[in-house]
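Novice: One structure coming up, written as structure tokens, with questions to follow.
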Amino acid sequence: MALELTFTCPLQNGMHARPASALEEIARGFISDITLLNRRTGRNANARSILSIVGADIRCGDSCVLTVSGTDEELAMAALGDFVRHTLPRRETQISEQKTNVAERFLPRCLRDTGATLRRGVPLVEGIGRGRLVRVSGLRMPQELAKTGVADVAGEQERIRRALAELIEWYGSRAAIAERGVERDVLIAHRSLARDEEFQSCLFNAVQAGRTAAGAIVMAEEQFTGLLALSANPLLRERVIDIRDVCGQLLQRVYGNLPDRILALREDSIVMADWLTPCQILSLDERFLKGLVLSEAGSTSHTIILARSFGIPTLAGVEETLAIPEGDEAVLDGDSGVLVTNLTEQARRYYALEQQRQQGRAAVLSKYANSPAATRDGHRIEIAANAGTVEEVAKAFTAGAEVIGLFRTEMLFLDRSTAPSEVEQYEIYRKVLEAARGRTVIFRTIDIGGDKPLGYLNLLPESNPFLGCRGIRIYPEFEVLIRNQLRALLRASAHGPMKIMFPMIATVDEARWINRLVTEERKRCSDEGKCFDAKLSLGAMIEVPSAAFVLKELCAEFDFFSIGSNDLLQYTMAADRTNSRVATLYDPCHPAFLRLIRQIVATVRRAGKWIGLCGEMGADERLLPLWVGMGFYEISATAPAIARMKAAVAQLNYSDCSRLCDKAVRCADSDALKSVLGRHLERRGLPVIAPELVATDFDASNKEEAIKRAVDQLYVHGRCNQPRLLEDDVWKRESHYTTGFGNGFALPHCRTNHVTASSIVVLKLRSPVPWDAADNVPVKVVILLAIREGGSMNEHMKMISQLARQLMHEPFRDSLEREQNPEALCRLLMEVSE
Amino acid sequence: MKIVAVTACPTGIAHTYMAAEQLEKTARKLGHSIKVETQGAMGIENKLTQEEIDSAAVAILAVDIAIEESERFDRVRKIKVPVQSVMKNPEAVFAQI
């Protein structure tokens, strides 16, 4: 007797690829037939096929019927009901509107006037790349292969079956060795397309009807890409390229070596193509791939997701690419959104300056990355990295991490059919510690459940997984698994400094239970004569609010703690962080949340124990003064944020931060708290002029370059994040009338939102440049005033107005012109207001 | 001669103050007494009283934007010039007096 469930699609973007794949995942777990009918279109989909589900064209508000029939129909219906009621409504994905109006994007004046050919495009990946232009054709089905006329139907079907098995296997093994998570995700997604039931039966049926393998693959490609291309949903249209990719790979497997469709890159290259599939990107030599110019590409397509993760500057929608000659040297500017050809001397100078700007910033950041983080008044706080693989650990230390604040061991357990053995885990933990070379690693024991299911554990579906069995709560049921992991970790502790941390501790009982397990495993290790660190520290994640209220007792059980900020916020505010309708509640600036954190930190410190913070909000520069002021010993974040965070810490003052915390926790609401934070940013007392903002002997060829260079100085020293927009603000003021006020001096200036603090840059030029000055004298000394809009204007204006007045006097100008030492120049400028 | 003046430029950061200094410097050189009010990023500074304005022979308004409390100057002879002209050739501005 079949069971039925009727529901209305709640997803704004309809049933697109990701929710479809979640449904398919569930359907695969049962043997019953499961179909999904869209009453509006009348299409009936096989729930075990993503393509079929997607093909039913289910839009928001469509009425649908799930029908289950088979021996395990009741269990299946329970799981599906759970999915429809709880999981589906949370599968909403925000589609970010892509800026398609390319003409509206701002082009820096300095670049516009270079005389080179500029072709605008939609920048999909930022960055600047330079190389020779190479045209690559997208993956197309070869015309020469026969499409029909098969004598041995069964034999042809067998060829496809073997090719599919080989391909599925290949995706799996490629995914297993993929260095980047994104790369793995794309390969896994392609694997699920290759084993899609609808896709496979479309292939076999086509052969049955007399087509060759090639004919069948072409037909399947056309059928499924046609289906997706018609969709009103951009997320689905962007999956077209994945189907083309899988079909191309399959063809390759059936027919062996087809003519190579991808060029081997031999020098720095900018690749132009109508479109490229994800596997084509993976097959290009990353060392030489400096830019991508694509006609068709959506910002959420796997091709672009890969390009972003490799950091390859990418433009889409560039006009007349066919008119661009191959072999020419070009620059792909993903920051300004242009492809630059016919490189003139001025254009080369512009990009040389751009390179200096980026290298300058990198040098400043690496200076911070390579030294311990400390505030201006000498308060130390460790900046650590979160990692999940050996490679990430190595990269984190290169990026400047002082320790690993969170190693997520569950990464070892995902995407496999059984749990890794004790020996396998031990080997990996040992490699992690070797990569850490004497710096501490905090290993968190397996944290699954909730949003991280694990197929082979067969966890029961729960109506509210985030409030169900996750973290330590699954350990009693899988005691063997956790004991194995503890032994592997204990044995690894002989190889380097490490700590062990447990997720989701909510009660003292849990703490005692897990400590007992550790004690027993320690004893077993010593009984077996295995080495381990006898003084190994044990700690707990604090992510459940209840832990905060038994913290004194937990301090007796553990040596250290780490706040999991995302979950702690979600549980404190009872607001799902993936639900945009409660996004105003999922806000770290709510005083309730910050008071809770402050109380936790204070309690732990009073007990003489150690506490850190791991989670996304650790890297939020706006909140950093609070974390410093509260007294965390360590903040752990993603590796790319580390240098930036260290630089930000260096601009803070610990005693100011403590006072800021006192004030912040007294706020009644998040708006009040945000304005307190905003005022702190204003008043953190960065001097308006500093020696690093003085540049001498700059070889500018014109006014445009001089202004660009002065603006870039602020970018290099972290006072401006959008240099081209600041530059535009300067030029807007320049358009009123010249700022060249005579005697070889210019004072370009603006009020702007694009500086983090009001600043003065002094730029001395090697040879003077024309500035349309009042007295027609070319300019040798440029003083840029960038005043932060909406800030407390009066703070620096007194000094700046005095400076403007002093510049009218010859002796002051003479001394500025003579002085070459940056410190002395700063003193001269500061003295004007005294 | 007793002169009053107001300076105000579009951003109120630089030329308001440079022009004020230029006017004071040139007045000294030419032997006039002058008081210059600035209307810049810090608001009105060195504000002219109605009495000072009324007793002045002339008011130089070196302004690129509409100024605050302009009604104070209703009864006095005014010379209105762009800020830029004070920067380029201040003596030519005084020659208009």
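Lettering and numbering for the structure tokens are positional, with chains as A, B, ... in the shown order, residues counted from 1 in each chain, and ligands counted from 1 in the shown order.
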Contacts between chain A and chain B, please, where a residue of chain B counts if it comes within 6 Å (with only C-alpha atoms); show its shortest atom pair and distance in Å to one decimal, rows by chain and ascending number, as a tab-separated table.

Specialist:
```
residue	atom	partner	partner_atom	distance
B:Ala14	CA	A:Ala804	CA	5.6
B:Tyr17	CA	A:Arg805	CA	5.6
B:Met18	CA	A:Arg805	CA	4.8
B:Glu21	CA	A:Arg805	CA	5.4
B:Met42	CA	A:Asn794	CA	5.8
B:Lys88	CA	A:Ala774	CA	5.2
```

Novice: Go ahead and dump the residues you just picked, C-alpha atoms, as a compact mmCIF listing (two decimals), in the first residue's frame.

Specialist:
```txt
# COMPACT_ATOMS: atom_id res chain seq x y z
CA ALA B 14 41.91 73.20 2.68
CA TYR B 17 41.91 78.15 5.49
CA MET B 18 44.51 78.78 2.81
CA GLU B 21 45.63 83.07 5.51
CA MET B 42 34.72 72.85 11.67
CA LYS B 88 45.88 83.05 -7.67
```

Novice: Using only C-alpha atoms, which residues sit within 12 Å of Ser70 of chain B once same-chain residues fewer than 3 positions away are excluded, as an MDAnalysis selection string?

Specialist: chainID B and resid 5:6 39 48 50 53 59 61 63 65:67 73:76 78

Novice: Of the residues B:Val93, B:Glu51, B:Thr16, B:Val4, which is the one nearest to Asp64 of chain B, using only C-alpha atoms?

Specialist: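 Going through B:Val93, B:Glu51, B:Thr16, B:Val4 one by one, the smallest distance to Asp64 of chain B is for B:Thr16.
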
Novice: Pick from B:Thr7, B:Ser55, B:Glu24, B:Thr49: nearest to Glu37 of chain B, with only C-alpha atoms counted?

Specialist: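 Of B:Thr7, B:Ser55, B:Glu24, B:Thr49, the one nearest Glu37 of chain B is B:Thr7, counting only C-alpha atoms.
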
Novice: I want to know what sits within 6 Å of Ile3 of chain B, based on only C-alpha atoms, with residues of the same chain fewer than 3 positions away left out; could you give that as a PyMOL selection string?

Specialist: chain B and resi 34+56-59

Novice: For Thr341 of chain A, find every residue with an atom within 12 Å (counting only C-alpha atoms), except residues of its own chain fewer than 5 positions away, and show them as a CSV table (one decimal) with C-alpha atoms, in the first residue's frame.

Specialist:
```csv
chain,number,residue,atom,x,y,z
A,114,THR,CA,46.7,55.3,-20.8
A,115,GLY,CA,45.7,55.0,-24.4
A,116,ALA,CA,45.5,51.2,-24.3
A,117,THR,CA,42.5,49.3,-25.5
A,118,LEU,CA,40.1,48.6,-22.6
A,119,ARG,CA,37.3,46.1,-22.9
A,120,ARG,CA,34.9,46.0,-20.1
A,130,ARG,CA,49.2,39.3,-17.0
A,131,GLY,CA,50.1,37.0,-19.9
A,132,ARG,CA,49.6,36.1,-23.5
A,133,LEU,CA,46.1,35.7,-24.8
A,270,ILE,CA,45.2,34.6,-20.2
A,321,THR,CA,36.4,38.6,-27.8
A,323,ALA,CA,38.3,40.3,-32.5
A,324,ILE,CA,41.0,40.1,-29.9
A,325,PRO,CA,44.2,38.6,-31.5
A,326,GLU,CA,45.7,35.6,-29.9
A,327,GLY,CA,49.3,35.8,-28.8
A,328,ASP,CA,49.2,39.4,-27.7
A,329,GLU,CA,50.3,40.4,-24.3
A,330,ALA,CA,47.4,41.5,-22.2
A,331,VAL,CA,46.4,42.4,-18.6
A,332,LEU,CA,43.2,41.0,-17.1
A,333,ASP,CA,42.2,43.5,-14.4
A,347,ALA,CA,49.4,51.2,-19.3
A,348,ARG,CA,52.5,49.3,-18.3
```

Novice: From the DSSP assignment of the backbone, select every residue of segment 86-223 of chain A that is alpha helix (DSSP H), and format the answer as a VMD selection string.

Specialist: chain A and resid 109 to 112 153 to 177 181 to 194 197 to 208 213 to 223

Novice: Which residues, written as a VMD selection string, have at least one atom at most 9 Å from Ile563 of chain A, with only C-alpha atoms counted and residues fewer than 2 positions away on the same chain left out?

Specialist: chain A and resid 540 to 543 561 565 to 568 597 600 611 to 615

Novice: Could you write those residues out with N, CA and C atoms, as a short mmCIF file (atom, residue, chain, number, x, y, z; two decimals), in the first residue's frame?

Specialist:
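part-v9.cif, freshly written:
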```cif
data_model
loop_
_atom_site.label_atom_id
_atom_site.label_comp_id
_atom_site.auth_asym_id
_atom_site.auth_seq_id
_atom_site.Cartn_x
_atom_site.Cartn_y
_atom_site.Cartn_z
N ALA A 540 37.24 22.01 26.82
CA ALA A 540 35.88 21.90 26.31
C ALA A 540 35.54 23.10 25.44
N MET A 541 34.75 22.82 24.40
CA MET A 541 34.17 23.92 23.63
C MET A 541 33.01 24.45 24.46
N ILE A 542 32.88 25.76 24.49
CA ILE A 542 31.69 26.32 25.10
C ILE A 542 30.82 26.88 24.00
N GLU A 543 29.78 26.13 23.69
CA GLU A 543 28.88 26.55 22.63
C GLU A 543 27.42 26.42 23.06
N PHE A 561 39.39 26.15 27.76
CA PHE A 561 38.10 26.27 27.08
C PHE A 561 38.26 27.04 25.79
N SER A 565 31.89 30.44 18.80
CA SER A 565 31.03 31.62 18.80
C SER A 565 29.76 31.46 17.96
N ASN A 566 29.85 30.75 16.84
CA ASN A 566 28.67 30.64 15.98
C ASN A 566 27.53 29.90 16.67
N ASP A 567 27.86 28.72 17.25
CA ASP A 567 26.82 27.96 17.90
C ASP A 567 26.36 28.63 19.19
N LEU A 568 27.30 29.20 19.94
CA LEU A 568 26.90 29.86 21.19
C LEU A 568 25.90 30.99 20.91
N ILE A 597 29.46 36.16 27.00
CA ILE A 597 30.87 35.86 26.69
C ILE A 597 31.78 36.47 27.74
N ILE A 600 31.78 34.45 30.82
CA ILE A 600 32.51 33.20 30.64
C ILE A 600 34.02 33.45 30.76
N ILE A 611 41.47 30.45 28.10
CA ILE A 611 40.31 30.49 27.21
C ILE A 611 40.63 31.18 25.88
N GLY A 612 40.12 30.57 24.80
CA GLY A 612 40.28 31.13 23.46
C GLY A 612 38.92 31.26 22.78
N LEU A 613 38.95 31.75 21.56
CA LEU A 613 37.71 31.93 20.79
C LEU A 613 37.94 31.35 19.41
N CYS A 614 37.06 30.43 18.98
CA CYS A 614 37.16 30.00 17.59
C CYS A 614 35.79 30.16 16.96
N GLY A 615 35.75 30.52 15.72
CA GLY A 615 34.47 30.79 15.07
C GLY A 615 34.63 32.02 14.22
#
```

Novice: Find the spatial neighbours of Ala668 of chain A, counting only C-alpha atoms, within a cut-off of 9 Å - ignore same-chain residues fewer than 5 positions away - and output them as a PyMOL selection string.

Specialist: chain A and resi 590-592+673

Novice: Just write the chosen residues, C-alpha atoms, as a PDB file, in the first residue's frame.

Specialist:
```pdb
ATOM      1  CA  HIS A 590      23.408  41.839  21.003  1.00  0.00           C
ATOM      2  CA  PRO A 591      24.406  42.812  24.541  1.00  0.00           C
ATOM      3  CA  ALA A 592      22.936  39.546  25.899  1.00  0.00           C
ATOM      4  CA  LEU A 673      26.455  48.733  20.912  1.00  0.00           C
TER       5      LEU A 673
END
```

Novice: Using backbone DSSP assignments, extract all strand (DSSP E) residues from segment 624-729 of chain A; output them as a list in words.

Specialist: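 DSSP-assigned strand (DSSP E) residues in segment 624-729 of chain A: Glu634, Ile635, Ser636, Ala637, Val694, Ala695, Thr696, Asp697 and Phe698 of chain A.
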
Novice: Quick one: pull the distance between atom CA of Lys147 of chain A and atom CA of Gly248 of chain A, Å, one decimal.

Specialist: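 Calculated distance between atom CA of Lys147 of chain A and atom CA of Gly248 of chain A is 14.9 Å.
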
Novice: So, with only C-alpha atoms as the atoms that count, which of A:Ser295, A:Asn776, A:Ser758, A:Asn821 lies closest to Glu692 of chain A?

Specialist: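 That would be A:Asn821, the residue with the smallest distance to Glu692 of chain A.
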